[in-house]
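Engineer: One structure is given below, represented as structure tokens, and several questions about it will come after.
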Amino acid sequence: MFTGTVQQFMHGDLYISLGRAEAILPLKQQIRRERYHQGNTVRAVIVDVRKETKGPQVVLSRTDPNFLVKLFDLEVPEIYDGVVEIKGVARKAGERSKIAVTSSDPRIDAVGACVGIKGSRVQGIVKELNNERIDIIQYSDDISTYLARALSPAIVQRVDIDRINGKLTAIVEDEQLSLAIGKNGINAELASNLTGLSVDIVSHSRSEERRVGKECRSRRWQES
């Protein structure tokens with residue numbers, strides 16, 4: 001994490017003074033709808049160092065998932081101390097993020113530690129990220145449990161695992177389907193990125209149709 005001062009603008013890119021060095025915050029590495037002025041203080045993470053004729057060019061980012069990780073490191077002492085561990089992050093900068101956490105101490109609630117009293121800790125991060133929505137979930141080694149939590153705030157009835165084809169299907173109540181998928185598919189996309197799994201989300205009624213159809217096909221095959 002680095003903090004610098006905006007020096008100048010060029011084609012949407014920001015040139016940031018880091019003290020002894022100058023860095024660039026490219027337009028594509030900026031959070032959408034953020035506006036900067038000369039002299040503003042900016043926090044970001046280094047994502048690259050390019051070799052230029054004038055010397056190394058430090059490239060910063062505010063959209064990289066690691067920026068979110070560093071913000072939690074700063075805001076949550078339990079993460080800094082190693083008691084709470086971040087197990088996964090999925091992010092669509094400026095819109096929504098999901099972060100999975102776990103605690104090595106059973107007395108410490110990992111999610112609660114990240115949220116803070118009355119949301120004080122996470123709200124500081126949300127403000128830094130221009131009101132980006134952040135879902136904090138409890139990590140689990142169990143694939144079904146982890147995926148169900150990753151699809152929150154939707155409530156998952158069950159998760160079917162097709163180990164032969166390596167596919168997972170999350171079944172939700174019909175009225176929960178749009179919530180599970182999210183606007184423009186963002187909730188499903190982030191849940192898939194967070195878990196590293198390919199996920200199919202199906203309503204309960206559609207799941208039943210598939211089950212009945214499969215049973216009918218199996219019955220016809222047996223009769224033949």
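We label chains A, B, ... in the order they appear in the structure tokens, count residues from 1 in each chain, and number ligands from 1 in the order shown.
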Would you return as a list of chain:residue names the members of range 52-84 of chain A that DSSP assigns to helix (DSSP H, G or I) on this structure's backbone?
Structural biologist: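 Written out, the helix (DSSP H, G or I) residues of range 52-84 of chain A are A:Pro65, A:Asn66, A:Phe67, A:Leu68, A:Val69, A:Lys70, A:Leu71, A:Phe72, A:Asp73, A:Leu74, A:Glu75, A:Pro77, A:Glu78, A:Ile79, A:Tyr80.
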Engineer: Output N, CA, C and O atoms for every residue in the selection just made, as a PDB file, in the first residue's frame.
Structural biologist:
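Result saved to again-v3.pdb:
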ATOM      1  N   PRO A  65      -7.557  -6.656  -6.770  1.00  0.00           N
ATOM      2  CA  PRO A  65      -8.066  -7.282  -5.542  1.00  0.00           C
ATOM      3  C   PRO A  65      -7.122  -7.125  -4.358  1.00  0.00           C
ATOM      4  O   PRO A  65      -7.570  -7.058  -3.207  1.00  0.00           O
ATOM      5  N   ASN A  66      -5.830  -7.062  -4.614  1.00  0.00           N
ATOM      6  CA  ASN A  66      -4.866  -6.929  -3.531  1.00  0.00           C
ATOM      7  C   ASN A  66      -5.013  -5.598  -2.791  1.00  0.00           C
ATOM      8  O   ASN A  66      -4.632  -5.482  -1.621  1.00  0.00           O
ATOM      9  N   PHE A  67      -5.562  -4.585  -3.474  1.00  0.00           N
ATOM     10  CA  PHE A  67      -5.805  -3.303  -2.814  1.00  0.00           C
ATOM     11  C   PHE A  67      -6.835  -3.484  -1.702  1.00  0.00           C
ATOM     12  O   PHE A  67      -6.696  -2.936  -0.607  1.00  0.00           O
ATOM     13  N   LEU A  68      -7.855  -4.286  -1.976  1.00  0.00           N
ATOM     14  CA  LEU A  68      -8.874  -4.576  -0.961  1.00  0.00           C
ATOM     15  C   LEU A  68      -8.259  -5.334   0.211  1.00  0.00           C
ATOM     16  O   LEU A  68      -8.555  -5.053   1.371  1.00  0.00           O
ATOM     17  N   VAL A  69      -7.383  -6.288  -0.096  1.00  0.00           N
ATOM     18  CA  VAL A  69      -6.701  -7.054   0.953  1.00  0.00           C
ATOM     19  C   VAL A  69      -5.891  -6.125   1.853  1.00  0.00           C
ATOM     20  O   VAL A  69      -5.941  -6.226   3.086  1.00  0.00           O
ATOM     21  N   LYS A  70      -5.153  -5.199   1.251  1.00  0.00           N
ATOM     22  CA  LYS A  70      -4.317  -4.285   2.022  1.00  0.00           C
ATOM     23  C   LYS A  70      -5.154  -3.365   2.902  1.00  0.00           C
ATOM     24  O   LYS A  70      -4.756  -3.012   4.020  1.00  0.00           O
ATOM     25  N   LEU A  71      -6.324  -2.965   2.414  1.00  0.00           N
ATOM     26  CA  LEU A  71      -7.206  -2.115   3.213  1.00  0.00           C
ATOM     27  C   LEU A  71      -7.697  -2.862   4.451  1.00  0.00           C
ATOM     28  O   LEU A  71      -7.768  -2.302   5.551  1.00  0.00           O
ATOM     29  N   PHE A  72      -8.025  -4.152   4.285  1.00  0.00           N
ATOM     30  CA  PHE A  72      -8.445  -4.952   5.434  1.00  0.00           C
ATOM     31  C   PHE A  72      -7.270  -5.154   6.395  1.00  0.00           C
ATOM     32  O   PHE A  72      -7.460  -5.191   7.612  1.00  0.00           O
ATOM     33  N   ASP A  73      -6.070  -5.295   5.851  1.00  0.00           N
ATOM     34  CA  ASP A  73      -4.885  -5.403   6.710  1.00  0.00           C
ATOM     35  C   ASP A  73      -4.765  -4.188   7.621  1.00  0.00           C
ATOM     36  O   ASP A  73      -4.397  -4.310   8.805  1.00  0.00           O
ATOM     37  N   LEU A  74      -5.063  -3.019   7.074  1.00  0.00           N
ATOM     38  CA  LEU A  74      -4.939  -1.777   7.837  1.00  0.00           C
ATOM     39  C   LEU A  74      -6.065  -1.592   8.852  1.00  0.00           C
ATOM     40  O   LEU A  74      -5.840  -1.095   9.953  1.00  0.00           O
ATOM     41  N   GLU A  75      -7.265  -1.995   8.468  1.00  0.00           N
ATOM     42  CA  GLU A  75      -8.445  -1.723   9.289  1.00  0.00           C
ATOM     43  C   GLU A  75      -8.713  -2.778  10.358  1.00  0.00           C
ATOM     44  O   GLU A  75      -9.371  -2.497  11.359  1.00  0.00           O
ATOM     45  N   PRO A  77      -7.108  -5.277  13.003  1.00  0.00           N
ATOM     46  CA  PRO A  77      -5.906  -5.705  13.732  1.00  0.00           C
ATOM     47  C   PRO A  77      -5.738  -7.215  13.776  1.00  0.00           C
ATOM     48  O   PRO A  77      -4.613  -7.728  13.768  1.00  0.00           O
ATOM     49  N   GLU A  78      -6.854  -7.947  13.815  1.00  0.00           N
ATOM     50  CA  GLU A  78      -6.779  -9.401  13.870  1.00  0.00           C
ATOM     51  C   GLU A  78      -6.154  -9.997  12.606  1.00  0.00           C
ATOM     52  O   GLU A  78      -5.529 -11.061  12.657  1.00  0.00           O
ATOM     53  N   ILE A  79      -6.333  -9.311  11.475  1.00  0.00           N
ATOM     54  CA  ILE A  79      -5.688  -9.767  10.237  1.00  0.00           C
ATOM     55  C   ILE A  79      -4.201  -9.454  10.294  1.00  0.00           C
ATOM     56  O   ILE A  79      -3.355 -10.280   9.954  1.00  0.00           O
ATOM     57  N   TYR A  80      -3.880  -8.262  10.742  1.00  0.00           N
ATOM     58  CA  TYR A  80      -2.475  -7.858  10.865  1.00  0.00           C
ATOM     59  C   TYR A  80      -1.714  -8.794  11.807  1.00  0.00           C
ATOM     60  O   TYR A  80      -0.562  -9.159  11.554  1.00  0.00           O
TER      61      TYR A  80
END
Engineer: Mind dumping a table of every range 50-150 of chain A residue within 8 Å of range 7-28 of chain A, with the nearest atom pair and its distance in Å to one decimal, using only C-alpha atoms, sorted by chain and rising number, as a tab-separated table?
Structural biologist:
residue	atom	partner	partner_atom	distance
A:Gln57	CA	A:Ala23	CA	6.3
A:Val58	CA	A:Ala23	CA	4.7
A:Val59	CA	A:Ile24	CA	5.1
A:Leu60	CA	A:Leu25	CA	4.9
A:Ser61	CA	A:Leu25	CA	6.1
Engineer: CA of Ile31 in chain A to CA of Gly94 in chain A: how many Å, to one decimal?
Structural biologist: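 Interatomic distance, CA of Ile31 in chain A to CA of Gly94 in chain A: 5.4 Å.
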Engineer: Give me the residues within 12 Å of Ala100 in chain A as an NGL selection string, counting only C-alpha atoms and dropping any in the same chain fewer than 2 places off.
Structural biologist: :A and (69 or 72 or 84-91 or 97-98 or 102-103 or 110-111 or 114 or 134-141 or 146-147 or 149-152 or 190-191 or 193-195)
Engineer: Which distance in Å separates CA of Asp109 in chain A and CA of Ser192 in chain A, to one decimal?
Structural biologist: 24.4 Å
Engineer: For Gly182 in chain A, which of A:Pro106, A:Gly166, A:Pro56, A:Pro153 is the closest residue, counting only C-alpha atoms?
Structural biologist: A:Pro153
Engineer: Can you list, as a list of chain:residue names, every protein, DNA or RNA residue that comes within 10 Å of Glu95 in chain A when you count only C-alpha atoms, leaving out same-chain residues fewer than 4 positions away?
Structural biologist: A:Ile31, A:Arg32, A:Arg91, A:Leu129, A:Asn130, A:Asn131, A:Glu132, A:Arg133, A:Ile134, A:Ile186
Engineer: Can I get the selection written as a CSV table (one decimal), in the first residue's frame, with N, CA and C atoms?
Structural biologist:
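The result, stored in selection38.csv:
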chain,number,residue,atom,x,y,z
A,31,ILE,N,-10.9,3.4,-9.9
A,31,ILE,CA,-12.3,3.0,-9.7
A,31,ILE,C,-13.2,4.0,-10.4
A,32,ARG,N,-14.2,3.4,-11.1
A,32,ARG,CA,-15.1,4.2,-11.8
A,32,ARG,C,-15.8,5.3,-11.0
A,91,ARG,N,-13.4,-9.5,-6.9
A,91,ARG,CA,-13.7,-8.1,-6.9
A,91,ARG,C,-14.1,-7.6,-8.3
A,129,LEU,N,-13.4,3.0,-1.1
A,129,LEU,CA,-13.6,2.4,-2.4
A,129,LEU,C,-14.8,3.0,-3.1
A,130,ASN,N,-15.2,4.2,-2.7
A,130,ASN,CA,-16.3,4.9,-3.4
A,130,ASN,C,-17.6,4.1,-3.3
A,131,ASN,N,-17.9,3.6,-2.1
A,131,ASN,CA,-19.1,3.0,-1.8
A,131,ASN,C,-19.3,1.6,-2.5
A,132,GLU,N,-18.2,1.0,-2.8
A,132,GLU,CA,-18.2,-0.4,-3.3
A,132,GLU,C,-18.8,-1.3,-2.3
A,133,ARG,N,-19.8,-2.2,-2.7
A,133,ARG,CA,-20.4,-3.1,-1.8
A,133,ARG,C,-19.5,-4.3,-1.5
A,134,ILE,N,-19.4,-4.6,-0.2
A,134,ILE,CA,-18.5,-5.7,0.2
A,134,ILE,C,-19.2,-6.8,1.0
A,186,ILE,N,-23.6,-10.4,-11.6
A,186,ILE,CA,-22.4,-10.1,-10.8
A,186,ILE,C,-22.3,-11.0,-9.6
Engineer: Rank A:Thr5, A:Gln176, A:Ser207, A:Gln157 by their smallest atom-to-atom distance to Gly39 in chain A, using only C-alpha atoms, and report the top residue only.
Structural biologist: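 The closest residue to Gly39 in chain A is A:Thr5.
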Engineer: Using DSSP secondary structure from the backbone, list all strand (DSSP E or B) positions within range 108-218 of chain A, as a count of residues only.
Structural biologist: 24
Engineer: Find the distance between CA of Gly82 in chain A and CA of Val126 in chain A and write it in Å to one decimal.
Structural biologist: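 Computed distance, CA of Gly82 in chain A to CA of Val126 in chain A, equals 22.4 Å.
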